[in-house]
$ cat coords36.pdb   # PDB, C-alpha atoms
MODEL        1
ATOM      1  CA  MET A 287     -68.966 -46.911 -27.240
ATOM      2  CA  LEU A 288     -70.810 -45.238 -24.406
ATOM      3  CA  THR A 289     -73.924 -46.698 -22.853
ATOM      4  CA  SER A 290     -76.941 -44.461 -22.339
ATOM      5  CA  LYS A 291     -76.283 -44.396 -18.592
ATOM      6  CA  GLN A 292     -72.651 -43.336 -19.110
ATOM      7  CA  ARG A 293     -73.742 -40.689 -21.619
ATOM      8  CA  ALA A 294     -76.311 -39.335 -19.118
ATOM      9  CA  THR A 295     -73.640 -39.179 -16.404
ATOM     10  CA  LEU A 296     -71.279 -37.316 -18.727
ATOM     11  CA  ARG A 297     -74.027 -34.871 -19.741
ATOM     12  CA  GLY A 298     -74.605 -34.085 -16.069
ATOM     13  CA  ILE A 299     -70.908 -33.514 -15.457
ATOM     14  CA  ALA A 300     -70.550 -31.380 -18.594
ATOM     15  CA  SER A 301     -73.427 -29.116 -17.575
ATOM     16  CA  THR A 302     -71.179 -27.536 -14.933
ATOM     17  CA  TYR A 303     -68.186 -27.165 -17.276
ATOM     18  CA  GLU A 304     -67.200 -23.956 -19.017
ATOM     19  CA  THR A 305     -66.723 -23.846 -22.789
ATOM     20  CA  ILE A 306     -62.971 -24.022 -23.456
ATOM     21  CA  PHE A 307     -62.824 -23.894 -27.277
ATOM     22  CA  GLN A 308     -64.617 -22.045 -30.042
ATOM     23  CA  VAL A 309     -64.912 -23.047 -33.683
ATOM     24  CA  GLY A 310     -65.039 -19.895 -35.814
ATOM     25  CA  LYS A 311     -65.050 -18.794 -39.430
ATOM     26  CA  SER A 312     -61.925 -20.812 -40.285
ATOM     27  CA  GLY A 313     -63.692 -24.035 -39.298
ATOM     28  CA  ILE A 314     -61.730 -26.959 -37.910
ATOM     29  CA  SER A 315     -58.016 -26.419 -38.370
ATOM     30  CA  ASP A 316     -55.112 -28.747 -37.574
ATOM     31  CA  THR A 317     -54.194 -26.472 -34.674
ATOM     32  CA  LEU A 318     -57.670 -26.774 -33.175
ATOM     33  CA  VAL A 319     -57.596 -30.572 -33.530
ATOM     34  CA  LYS A 320     -54.222 -30.707 -31.744
ATOM     35  CA  GLN A 321     -55.484 -28.464 -28.922
ATOM     36  CA  VAL A 322     -58.644 -30.546 -28.533
ATOM     37  CA  GLU A 323     -56.575 -33.755 -28.386
ATOM     38  CA  ASP A 324     -54.379 -32.264 -25.660
ATOM     39  CA  ALA A 325     -57.400 -31.074 -23.664
ATOM     40  CA  LEU A 326     -59.115 -34.463 -23.988
ATOM     41  CA  ARG A 327     -55.975 -36.214 -22.774
ATOM     42  CA  LYS A 328     -55.892 -33.995 -19.690
ATOM     43  CA  ARG A 329     -59.609 -33.533 -18.913
ATOM     44  CA  GLU A 330     -61.368 -36.388 -20.805
ATOM     45  CA  LEU A 331     -64.536 -34.267 -21.165
ATOM     46  CA  ILE A 332     -64.650 -30.891 -22.931
ATOM     47  CA  LYS A 333     -67.285 -28.439 -24.091
ATOM     48  CA  ILE A 334     -66.917 -26.555 -27.393
ATOM     49  CA  HIS A 335     -68.912 -23.632 -28.811
ATOM     50  CA  VAL A 336     -69.516 -23.330 -32.571
ATOM     51  CA  LEU A 337     -69.821 -19.664 -33.525
ATOM     52  CA  ASP A 338     -72.475 -18.344 -35.922
ATOM     53  CA  ASN A 339     -69.860 -17.454 -38.568
ATOM     54  CA  CYS A 340     -68.568 -21.044 -38.728
ATOM     55  CA  PRO A 341     -69.220 -22.784 -42.070
ATOM     56  CA  LEU A 342     -70.232 -25.952 -40.154
ATOM     57  CA  ASP A 343     -73.158 -26.463 -37.839
ATOM     58  CA  ALA A 344     -72.551 -27.892 -34.363
ATOM     59  CA  ARG A 345     -73.442 -31.475 -35.295
ATOM     60  CA  GLU A 346     -71.073 -31.496 -38.292
ATOM     61  CA  ALA A 347     -68.286 -29.960 -36.205
ATOM     62  CA  ALA A 348     -68.847 -32.556 -33.466
ATOM     63  CA  GLN A 349     -68.617 -35.436 -35.953
ATOM     64  CA  MET A 350     -65.477 -34.054 -37.593
ATOM     65  CA  LEU A 351     -63.705 -33.413 -34.277
ATOM     66  CA  ALA A 352     -64.748 -36.810 -32.901
ATOM     67  CA  GLU A 353     -63.373 -38.598 -35.973
ATOM     68  CA  GLN A 354     -60.101 -36.667 -35.979
ATOM     69  CA  THR A 355     -59.463 -37.097 -32.237
ATOM     70  CA  ASP A 356     -60.952 -40.612 -31.770
ATOM     71  CA  ALA A 357     -63.369 -39.153 -29.212
ATOM     72  CA  GLU A 358     -67.076 -39.734 -28.709
ATOM     73  CA  VAL A 359     -69.800 -37.141 -29.059
ATOM     74  CA  VAL A 360     -71.695 -36.972 -25.773
ATOM     75  CA  GLN A 361     -74.228 -34.355 -26.822
ATOM     76  CA  VAL A 362     -74.920 -31.487 -29.182
ATOM     77  CA  ILE A 363     -77.283 -28.786 -27.968
ATOM     78  CA  GLY A 364     -77.734 -25.683 -30.074
ATOM     79  CA  SER A 365     -74.287 -24.362 -30.864
ATOM     80  CA  ARG A 366     -72.497 -26.278 -28.102
ATOM     81  CA  LEU A 367     -71.053 -29.760 -28.205
ATOM     82  CA  VAL A 368     -69.472 -32.074 -25.663
ATOM     83  CA  LEU A 369     -66.736 -34.589 -26.476
ATOM     84  CA  PHE A 370     -65.373 -37.426 -24.319
ATOM     85  CA  LYS A 371     -62.256 -39.536 -24.666
ATOM     86  CA  ARG A 372     -61.089 -41.882 -21.913
ATOM     87  CA  ASN A 373     -57.472 -41.510 -20.821
ATOM     88  CA  PRO A 374     -56.267 -45.130 -20.521
ATOM     89  CA  LYS A 375     -53.289 -44.305 -18.261
ATOM     90  CA  GLU A 376     -54.811 -41.793 -15.851
ATOM     91  CA  PRO A 377     -58.641 -41.800 -15.942
ATOM     92  CA  VAL A 378     -60.159 -38.617 -14.559
ATOM     93  CA  ILE A 379     -63.863 -39.548 -14.729
ATOM     94  CA  GLN A 380     -64.987 -42.758 -13.044
ATOM     95  CA  PHE A 381     -68.250 -44.514 -13.920
TER      96      PHE A 381
ENDMDL
END

$ encode --input "coords36.pdb" --output "structure tokens"
Amino acid sequence: MLTSKQRATLRGIASTYETIFQVGKSGISDTLVKQVEDALRKRELIKIHVLDNCPLDAREAAQMLAEQTDAEVVQVIGSRLVLFKRNPKEPVIQF
């Protein structure tokens, strides 16, 4: 569980990040979940864009991805969402 201070720090870091995944008309597939898990393991913090033709809104997509990858939702703004998952072996982001 993230504290509000940690969440604010992560939001600041994520503001400079580029979106690396898009959720489209097929929704959240097993392939997307696997790719998100791999990216979280490497980067710890990722930004995802939910396209207009997606059957889910950004908040629903964030919840589903967070549950399936054991990550935490940092923020959802419009059609973009930010997920965080600490890498226990090699932490990238220090608080």

$ residues_around --input "coords36.pdb" --residues "Ala347 in chain A" --least-positions-apart "4" --cutoff "12 Å" --atoms "all atoms listed in the file" --output "number ranges by chain"
A: 308-310, 312-315, 318-319, 334-337, 340-343, 351-354, 359, 361-362, 365-369

$ atom_distance --input "coords36.pdb" --atom1 "CA of Phe307 in chain A" --atom2 "CA of Lys291 in chain A"
26.0 Å

$ resolve_selection --input "coords36.pdb" --expression "the PyMOL selection byres ((chain A and resi 358) around 8)" --output "number ranges by chain"
A: 287-288, 352, 356-357, 359-360, 369-371

$ resolve_selection --input "coords36.pdb" --expression "the PyMOL selection byres ((chain A and resi 294-296) around 9)" --output "list in words"
Thr289, Ser290, Lys291, Gln292, Arg293, Arg297, Gly298, Ile299, Ala300, Ser301, Leu331, Val360, Val368, Phe370, Ile379 and Phe381 of chain A

$ residues_around --input "coords36.pdb" --residues "Val378 in chain A" --least-positions-apart "2" --cutoff "10 Å" --atoms "all atoms listed in the file" --output "list in words"
Arg327, Lys328, Arg329, Glu330, Leu331, Arg372, Asn373, Pro374, Lys375, Glu376 and Gln380 of chain A

$ atom_distance --input "coords36.pdb" --atom1 "CA of Lys320 in chain A" --atom2 "CA of Pro377 in chain A"
19.8 Å

$ atom_distance --input "coords36.pdb" --atom1 "CA of Lys333 in chain A" --atom2 "CA of Ile306 in chain A"
6.2 Å

$ axis_aligned_box --input "coords36.pdb" --around "range 370-374 of chain A" --padding-each-side "5 Å" --output "AutoDock Vina command-line options"
--center_x -60.8 --center_y -41.3 --center_z -22.6 --size_x 19.1 --size_y 17.7 --size_z 14.1

$ build_atoms --input "coords36.pdb" --residues "range 310-335 of chain A" --atoms "N, CA, C and O atoms" --output "CSV table (one decimal), keeping the file's coordinate frame"
chain,number,residue,atom,x,y,z
A,310,GLY,N,-64.6,-21.1,-35.2
A,310,GLY,CA,-65.0,-19.9,-35.8
A,310,GLY,C,-65.1,-20.0,-37.3
A,310,GLY,O,-65.3,-21.1,-37.9
A,311,LYS,N,-64.9,-18.9,-38.0
A,311,LYS,CA,-65.0,-18.8,-39.4
A,311,LYS,C,-64.0,-19.6,-40.2
A,311,LYS,O,-64.3,-20.0,-41.3
A,312,SER,N,-62.9,-20.0,-39.6
A,312,SER,CA,-61.9,-20.8,-40.3
A,312,SER,C,-62.3,-22.3,-40.2
A,312,SER,O,-61.6,-23.1,-40.8
A,313,GLY,N,-63.3,-22.6,-39.4
A,313,GLY,CA,-63.7,-24.0,-39.3
A,313,GLY,C,-62.8,-24.8,-38.4
A,313,GLY,O,-62.2,-24.3,-37.4
A,314,ILE,N,-62.6,-26.1,-38.7
A,314,ILE,CA,-61.7,-27.0,-37.9
A,314,ILE,C,-60.4,-27.0,-38.5
A,314,ILE,O,-60.2,-27.7,-39.6
A,315,SER,N,-59.4,-26.4,-37.9
A,315,SER,CA,-58.0,-26.4,-38.4
A,315,SER,C,-57.2,-27.5,-37.7
A,315,SER,O,-57.6,-28.1,-36.7
A,316,ASP,N,-56.0,-27.8,-38.2
A,316,ASP,CA,-55.1,-28.7,-37.6
A,316,ASP,C,-54.7,-28.3,-36.2
A,316,ASP,O,-54.6,-29.1,-35.3
A,317,THR,N,-54.6,-27.0,-36.0
A,317,THR,CA,-54.2,-26.5,-34.7
A,317,THR,C,-55.3,-26.7,-33.7
A,317,THR,O,-55.0,-27.2,-32.5
A,318,LEU,N,-56.5,-26.5,-34.1
A,318,LEU,CA,-57.7,-26.8,-33.2
A,318,LEU,C,-57.7,-28.3,-32.8
A,318,LEU,O,-58.0,-28.6,-31.6
A,319,VAL,N,-57.6,-29.1,-33.8
A,319,VAL,CA,-57.6,-30.6,-33.5
A,319,VAL,C,-56.5,-31.0,-32.5
A,319,VAL,O,-56.8,-31.7,-31.6
A,320,LYS,N,-55.3,-30.4,-32.7
A,320,LYS,CA,-54.2,-30.7,-31.7
A,320,LYS,C,-54.6,-30.2,-30.3
A,320,LYS,O,-54.3,-30.9,-29.3
A,321,GLN,N,-55.1,-29.0,-30.2
A,321,GLN,CA,-55.5,-28.5,-28.9
A,321,GLN,C,-56.6,-29.3,-28.3
A,321,GLN,O,-56.6,-29.5,-27.1
A,322,VAL,N,-57.6,-29.7,-29.1
A,322,VAL,CA,-58.6,-30.5,-28.5
A,322,VAL,C,-58.1,-31.9,-28.1
A,322,VAL,O,-58.5,-32.4,-27.0
A,323,GLU,N,-57.2,-32.5,-28.8
A,323,GLU,CA,-56.6,-33.8,-28.4
A,323,GLU,C,-55.9,-33.6,-27.1
A,323,GLU,O,-56.0,-34.4,-26.2
A,324,ASP,N,-55.1,-32.5,-26.9
A,324,ASP,CA,-54.4,-32.3,-25.7
A,324,ASP,C,-55.3,-32.1,-24.5
A,324,ASP,O,-55.1,-32.6,-23.4
A,325,ALA,N,-56.4,-31.3,-24.7
A,325,ALA,CA,-57.4,-31.1,-23.7
A,325,ALA,C,-58.1,-32.4,-23.3
A,325,ALA,O,-58.4,-32.6,-22.1
A,326,LEU,N,-58.5,-33.2,-24.3
A,326,LEU,CA,-59.1,-34.5,-24.0
A,326,LEU,C,-58.2,-35.4,-23.2
A,326,LEU,O,-58.7,-36.1,-22.3
A,327,ARG,N,-56.9,-35.4,-23.5
A,327,ARG,CA,-56.0,-36.2,-22.8
A,327,ARG,C,-55.9,-35.8,-21.3
A,327,ARG,O,-55.9,-36.7,-20.4
A,328,LYS,N,-56.0,-34.5,-21.0
A,328,LYS,CA,-55.9,-34.0,-19.7
A,328,LYS,C,-57.2,-34.1,-18.9
A,328,LYS,O,-57.3,-34.5,-17.8
A,329,ARG,N,-58.3,-33.7,-19.6
A,329,ARG,CA,-59.6,-33.5,-18.9
A,329,ARG,C,-60.6,-34.7,-19.2
A,329,ARG,O,-61.5,-34.8,-18.4
A,330,GLU,N,-60.5,-35.3,-20.3
A,330,GLU,CA,-61.4,-36.4,-20.8
A,330,GLU,C,-62.7,-35.9,-21.3
A,330,GLU,O,-63.3,-36.5,-22.2
A,331,LEU,N,-63.2,-34.8,-20.8
A,331,LEU,CA,-64.5,-34.3,-21.2
A,331,LEU,C,-64.4,-32.8,-21.4
A,331,LEU,O,-64.0,-32.0,-20.5
A,332,ILE,N,-64.8,-32.3,-22.6
A,332,ILE,CA,-64.6,-30.9,-22.9
A,332,ILE,C,-65.9,-30.4,-23.6
A,332,ILE,O,-66.6,-31.2,-24.3
A,333,LYS,N,-66.1,-29.1,-23.5
A,333,LYS,CA,-67.3,-28.4,-24.1
A,333,LYS,C,-66.8,-27.4,-25.1
A,333,LYS,O,-65.8,-26.7,-24.8
A,334,ILE,N,-67.4,-27.4,-26.3
A,334,ILE,CA,-66.9,-26.6,-27.4
A,334,ILE,C,-68.1,-25.8,-27.9
A,334,ILE,O,-69.2,-26.3,-28.0
A,335,HIS,N,-67.9,-24.5,-28.3
A,335,HIS,CA,-68.9,-23.6,-28.8
A,335,HIS,C,-68.6,-23.4,-30.3
A,335,HIS,O,-67.5,-23.1,-30.7
